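Below is the file final_19.tsv, which contains TSV, C-alpha atoms.
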```tsv
chain	number	residue	atom	x	y	z
X	1201	MET	CA	19.19	-21.65	-0.83
X	1202	ASP	CA	18.56	-18.17	0.54
X	1203	CYS	CA	17.48	-19.63	3.89
X	1204	ASN	CA	20.45	-22.02	4.05
X	1205	ARG	CA	22.95	-19.30	3.31
X	1206	THR	CA	21.29	-16.78	5.63
X	1207	ALA	CA	21.37	-19.32	8.48
X	1208	LYS	CA	25.13	-19.71	7.95
X	1209	ARG	CA	25.60	-15.95	7.89
X	1210	GLN	CA	23.59	-15.68	11.12
X	1211	LYS	CA	26.21	-17.92	12.77
X	1212	ALA	CA	24.37	-21.25	12.81
X	1213	LYS	CA	26.84	-23.90	14.02
X	1214	SER	CA	25.85	-26.10	11.11
X	1215	VAL	CA	23.28	-26.06	8.32
X	1216	LYS	CA	22.08	-29.19	6.57
X	1217	CYS	CA	19.92	-29.16	3.46
X	1218	LEU	CA	18.00	-32.45	3.29
X	1219	TYR	CA	16.65	-33.29	-0.16
X	1220	ARG	CA	14.58	-36.27	-1.28
X	1221	ARG	CA	16.24	-36.65	-4.70
X	1222	ASP	CA	19.86	-36.58	-5.85
X	1223	GLU	CA	21.71	-33.39	-6.74
X	1224	LYS	CA	21.13	-33.89	-10.48
X	1225	ASN	CA	17.33	-33.84	-9.95
X	1226	MET	CA	17.33	-30.85	-7.60
X	1227	PRO	CA	15.52	-27.82	-9.06
X	1228	GLY	CA	16.81	-24.30	-8.81
X	1229	SER	CA	20.07	-22.59	-9.54
X	1230	LYS	CA	23.17	-24.79	-9.69
X	1231	ARG	CA	25.21	-21.65	-8.98
X	1232	GLU	CA	23.29	-21.06	-5.73
X	1233	VAL	CA	23.90	-24.65	-4.63
X	1234	THR	CA	27.61	-24.21	-5.35
X	1235	ASN	CA	27.66	-20.93	-3.43
X	1236	ALA	CA	25.85	-22.54	-0.48
X	1237	LYS	CA	28.42	-25.35	-0.39
X	1238	GLU	CA	31.23	-22.77	-0.46
X	1239	GLU	CA	29.62	-21.06	2.54
X	1240	GLY	CA	29.54	-24.31	4.49
X	1241	VAL	CA	26.02	-25.68	3.92
X	1242	GLU	CA	26.05	-29.49	4.08
X	1243	PHE	CA	23.82	-31.20	1.52
X	1244	GLN	CA	22.34	-34.63	2.16
X	1245	PHE	CA	20.62	-36.18	-0.83
X	1246	ASN	CA	18.12	-39.03	-1.17
X	1247	ILE	CA	16.71	-38.17	2.24
X	1248	GLN	CA	13.09	-37.23	2.80
X	1249	PRO	CA	12.08	-35.46	6.03
X	1250	ILE	CA	8.88	-37.00	7.39
X	1251	GLU	CA	8.48	-35.55	10.89
X	1252	ILE	CA	9.82	-32.84	13.17
X	1253	ILE	CA	10.72	-34.37	16.53
X	1254	GLY	CA	10.18	-32.50	19.81
X	1255	ASP	CA	7.34	-31.29	21.98
X	1256	ASP	CA	8.02	-27.72	23.09
X	1257	GLU	CA	11.30	-27.40	21.16
X	1258	VAL	CA	12.72	-28.95	18.02
X	1259	GLN	CA	15.02	-31.85	18.86
X	1260	GLY	CA	15.44	-33.38	15.44
X	1261	VAL	CA	14.05	-34.35	12.08
X	1262	LYS	CA	12.89	-37.88	11.35
X	1263	ILE	CA	13.87	-38.86	7.82
X	1264	VAL	CA	13.54	-41.81	5.51
X	1265	LYS	CA	16.14	-42.63	2.86
X	1266	THR	CA	14.96	-42.67	-0.74
X	1267	GLN	CA	15.90	-44.21	-4.04
X	1268	LEU	CA	14.96	-42.74	-7.40
X	1269	GLY	CA	12.29	-44.35	-9.53
X	1270	GLU	CA	11.07	-43.51	-13.01
X	1271	PRO	CA	10.83	-39.88	-14.20
X	1272	ASP	CA	7.64	-37.93	-13.48
X	1273	GLN	CA	5.77	-35.68	-15.97
X	1274	ASN	CA	8.51	-33.03	-15.51
X	1275	GLY	CA	11.31	-35.47	-16.29
X	1276	ARG	CA	12.64	-35.63	-12.71
X	1277	ARG	CA	12.96	-39.08	-11.19
X	1278	VAL	CA	10.43	-39.81	-8.44
X	1279	PRO	CA	11.82	-40.39	-4.92
X	1280	ILE	CA	10.68	-43.71	-3.44
X	1281	PRO	CA	11.03	-44.22	0.34
X	1282	ILE	CA	13.16	-47.20	1.38
X	1283	PRO	CA	11.25	-49.18	4.03
X	1284	GLY	CA	13.06	-49.52	7.36
X	1285	SER	CA	15.56	-46.72	6.63
X	1286	GLU	CA	14.09	-44.15	9.03
X	1287	LEU	CA	16.40	-42.31	11.41
X	1288	ILE	CA	16.49	-39.05	13.33
X	1289	ILE	CA	18.91	-36.24	12.54
X	1290	GLU	CA	19.46	-33.99	15.56
X	1291	ALA	CA	18.43	-30.36	15.08
X	1292	ASP	CA	17.46	-27.39	17.22
X	1293	ALA	CA	15.82	-25.40	14.40
X	1294	VAL	CA	14.11	-26.35	11.14
X	1295	ILE	CA	13.43	-24.22	8.07
X	1296	ILE	CA	10.85	-25.74	5.73
X	1297	ALA	CA	11.10	-25.09	1.99
X	1298	PHE	CA	7.74	-24.99	0.27
X	1299	GLY	CA	8.93	-25.06	-3.33
X	1300	PHE	CA	8.78	-22.83	-6.35
X	1301	ARG	CA	5.18	-23.07	-7.54
X	1302	ALA	CA	2.64	-20.36	-6.91
X	1303	SER	CA	-0.05	-21.44	-4.48
X	1304	PRO	CA	-2.93	-18.98	-4.70
X	1305	SER	CA	-5.31	-19.21	-1.75
X	1306	ASP	CA	-8.95	-20.16	-2.21
X	1307	TRP	CA	-10.01	-16.79	-0.81
X	1308	PHE	CA	-8.36	-14.92	-3.72
X	1309	LYS	CA	-11.49	-15.32	-5.87
X	1310	ASP	CA	-13.72	-14.06	-3.03
X	1311	PHE	CA	-11.69	-10.83	-2.98
X	1312	ASN	CA	-11.30	-10.43	-6.75
X	1313	ILE	CA	-7.56	-11.12	-6.85
X	1314	ASN	CA	-6.76	-12.13	-10.42
X	1315	THR	CA	-4.01	-14.61	-11.22
X	1316	GLN	CA	-2.30	-15.86	-14.33
X	1317	ASN	CA	-2.99	-19.42	-15.53
X	1318	ASN	CA	0.05	-20.63	-13.57
X	1319	GLY	CA	-1.33	-19.14	-10.31
X	1320	LEU	CA	0.94	-16.09	-10.11
X	1321	VAL	CA	-0.83	-12.97	-8.84
X	1322	LEU	CA	-1.37	-10.16	-11.34
X	1323	ALA	CA	0.18	-7.10	-9.63
X	1324	ALA	CA	2.31	-5.18	-12.11
X	1325	GLU	CA	5.09	-2.83	-11.14
X	1326	ASP	CA	4.27	-0.61	-14.13
X	1327	GLN	CA	0.99	0.99	-12.98
X	1328	GLU	CA	-0.15	3.96	-10.88
X	1329	TYR	CA	0.29	2.05	-7.59
X	1330	LYS	CA	3.11	-0.45	-7.99
X	1331	PHE	CA	2.23	-4.07	-7.16
X	1332	GLN	CA	-1.48	-3.36	-6.64
X	1333	THR	CA	-3.66	-6.37	-7.44
X	1334	SER	CA	-7.05	-6.38	-9.16
X	1335	ASN	CA	-8.45	-5.70	-5.68
X	1336	ASN	CA	-7.37	-2.09	-5.10
X	1337	LYS	CA	-6.87	-2.70	-1.37
X	1338	ILE	CA	-4.49	-5.63	-1.79
X	1339	PHE	CA	-0.86	-5.45	-2.96
X	1340	SER	CA	1.47	-8.31	-3.77
X	1341	GLY	CA	5.08	-8.87	-4.80
X	1342	GLY	CA	7.94	-11.31	-4.73
X	1343	ASP	CA	7.56	-14.94	-5.73
X	1344	MET	CA	3.74	-14.78	-5.78
X	1345	VAL	CA	3.96	-12.22	-8.61
X	1346	ARG	CA	7.09	-13.12	-10.57
X	1347	GLY	CA	7.75	-16.73	-9.63
X	1348	SER	CA	10.93	-18.05	-8.10
X	1349	ASP	CA	13.50	-15.30	-7.71
X	1350	LEU	CA	16.04	-13.93	-5.28
X	1351	VAL	CA	14.96	-12.89	-1.79
X	1352	VAL	CA	16.48	-9.44	-2.38
X	1353	THR	CA	14.03	-8.96	-5.26
X	1354	ALA	CA	11.12	-9.83	-2.99
X	1355	ILE	CA	12.40	-7.39	-0.35
X	1356	TRP	CA	12.68	-4.61	-2.93
X	1357	GLU	CA	9.18	-5.31	-4.27
X	1358	GLY	CA	7.80	-5.38	-0.72
X	1359	ARG	CA	9.29	-1.96	-0.05
X	1360	GLU	CA	7.93	-0.59	-3.32
X	1361	ALA	CA	4.50	-2.06	-2.55
X	1362	ALA	CA	4.65	-0.44	0.92
X	1363	LYS	CA	5.33	2.95	-0.67
X	1364	SER	CA	2.35	2.38	-2.99
X	1365	ILE	CA	0.13	1.44	-0.05
X	1366	ILE	CA	1.07	4.68	1.71
X	1367	GLU	CA	0.26	6.65	-1.46
X	1368	TYR	CA	-3.02	4.74	-1.91
X	1369	VAL	CA	-4.30	5.34	1.63
X	1370	SER	CA	-3.19	8.99	1.60
```
I need this file expressed as structure tokens, please.
Amino acid sequence: MDCNRTAKRQKAKSVKCLYRRDEKNMPGSKREVTNAKEEGVEFQFNIQPIEIIGDDEVQGVKIVKTQLGEPDQNGRRVPIPIPGSELIIEADAVIIAFGFRASPSDWFKDFNINTQNNGLVLAAEDQEYKFQTSNNKIFSGGDMVRGSDLVVTAIWEGREAAKSIIEYVS
């Protein structure tokens, strides 16, 4: 939602949020979705992007329509592509949402970066150098440390981590 709303604030002519499930099965803050709608973001549900169209520049997004099947292990109904429903939605820019789950890189273990069981990086604010990981030379903040949160929180943590890095290298 942060990216959608920021695009509107940066004077995008239009912003469409394409989502593979219906609104009821969309994760995240209902308040943020409402706020995005109020700011002019257009939501299109039961649509799954499958390809970005364009060679040197984005020209569109190829999508397939979906219908909802049975619930998955999290209780959200699984989107099922509808054969023959592909079409292209014109676009000149695309922002890809990666989701809310932590995705620790394989190289973390090679550099002694400890994570919680859910994959979030251990880098506490309450320590000598804020947001320092178990590898003294690596700092982390934002969603990789706390999970899904507001972009302003990630910006603040990034700034605090930067101050800690300066202290650490001094």
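When all atoms listed in the file are used to measure the gap to Ser1285 of chain X, the shortest distance among X:Val1264, X:Leu1320, X:Ala1354, X:Val1345 belongs to X:Val1264.
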Q | Coordinates-based distance that separates atom CA of Phe1245 of chain X from atom CA of Met1226 of chain X (Å, one decimal) | A | 9.2 Å
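Taking all atoms listed in the file into account, Glu1290 of chain X lies nearest to X:Lys1216 out of the set X:Tyr1368, X:Lys1216, X:Lys1309, X:Glu1270.
Of the listed residues (X:Trp1356, X:Thr1266, X:Glu1238, X:Ile1252), X:Thr1266 comes nearest to Gly1284 of chain X; the distances count all atoms listed in the file.
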Q | Close residues, Leu1268 of chain X itself excluded, 7 Å, all atoms listed in the file, min 4 positions apart in chain, as a list in words | A |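 After dropping sequence-adjacent residues, the list is Arg1221, Arg1277, Val1278, Pro1279 and Ile1280 of chain X.
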Q) Can you tell me how far atom CA of Gly1341 of chain X sits from atom CA of Arg1231 of chain X, in Å to one decimal? A)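 We find that atom CA of Gly1341 of chain X and atom CA of Arg1231 of chain X lie 24.2 Å from each other.
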Q: May I ask which of the residues X:Asp1272, X:Ala1291, X:Ser1334, X:Asn1246 is the closest one to Lys1224 of chain X, counting only C-alpha atoms?
A: X:Asn1246
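Atom CA of Gln1244 of chain X to atom CA of Gly1269 of chain X spans 18.2 Å [interatomic distance, one decimal].
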Can you pull out every residue within 12 Å of Ile1295 of chain X, counting only C-alpha atoms, but drop anything in the same chain fewer than 4 positions away, and send it as a JSON list (two decimals) with C-alpha atoms, in the frame of the given file?
```json
[["chain", "number", "residue", "atom", "x", "y", "z"],
["X", 1201, "MET", "CA", 19.19, -21.65, -0.83],
["X", 1202, "ASP", "CA", 18.56, -18.17, 0.54],
["X", 1203, "CYS", "CA", 17.48, -19.63, 3.89],
["X", 1204, "ASN", "CA", 20.45, -22.02, 4.05],
["X", 1205, "ARG", "CA", 22.95, -19.30, 3.31],
["X", 1206, "THR", "CA", 21.29, -16.78, 5.63],
["X", 1207, "ALA", "CA", 21.37, -19.32, 8.48],
["X", 1215, "VAL", "CA", 23.28, -26.06, 8.32],
["X", 1216, "LYS", "CA", 22.08, -29.19, 6.57],
["X", 1217, "CYS", "CA", 19.92, -29.16, 3.46],
["X", 1218, "LEU", "CA", 18.00, -32.45, 3.29],
["X", 1249, "PRO", "CA", 12.08, -35.46, 6.03],
["X", 1252, "ILE", "CA", 9.82, -32.84, 13.17],
["X", 1258, "VAL", "CA", 12.72, -28.95, 18.02],
["X", 1260, "GLY", "CA", 15.44, -33.38, 15.44],
["X", 1261, "VAL", "CA", 14.05, -34.35, 12.08],
["X", 1291, "ALA", "CA", 18.43, -30.36, 15.08]]
```
Q) Between X:Lys1337, X:Lys1330, X:Lys1213, X:Arg1346, which has the minimum distance to Thr1315 of chain X (counting only C-alpha atoms)? A) X:Arg1346
Q: Tell me, as a PyMOL selection string, which residues lie within 10 Å of Thr1333 of chain X, counting only C-alpha atoms; anything in the same chain fewer than 4 positions away does not count.
A: chain X and resi 1312-1315+1321-1324+1329+1337-1341+1345
Q) So which one's closest to Asp1255 of chain X, X:Phe1308, X:Ser1214, X:Ala1361, X:Asp1292? Using only C-alpha atoms, please. A)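 Answer, going by the shortest atom-to-atom distance: X:Asp1292.
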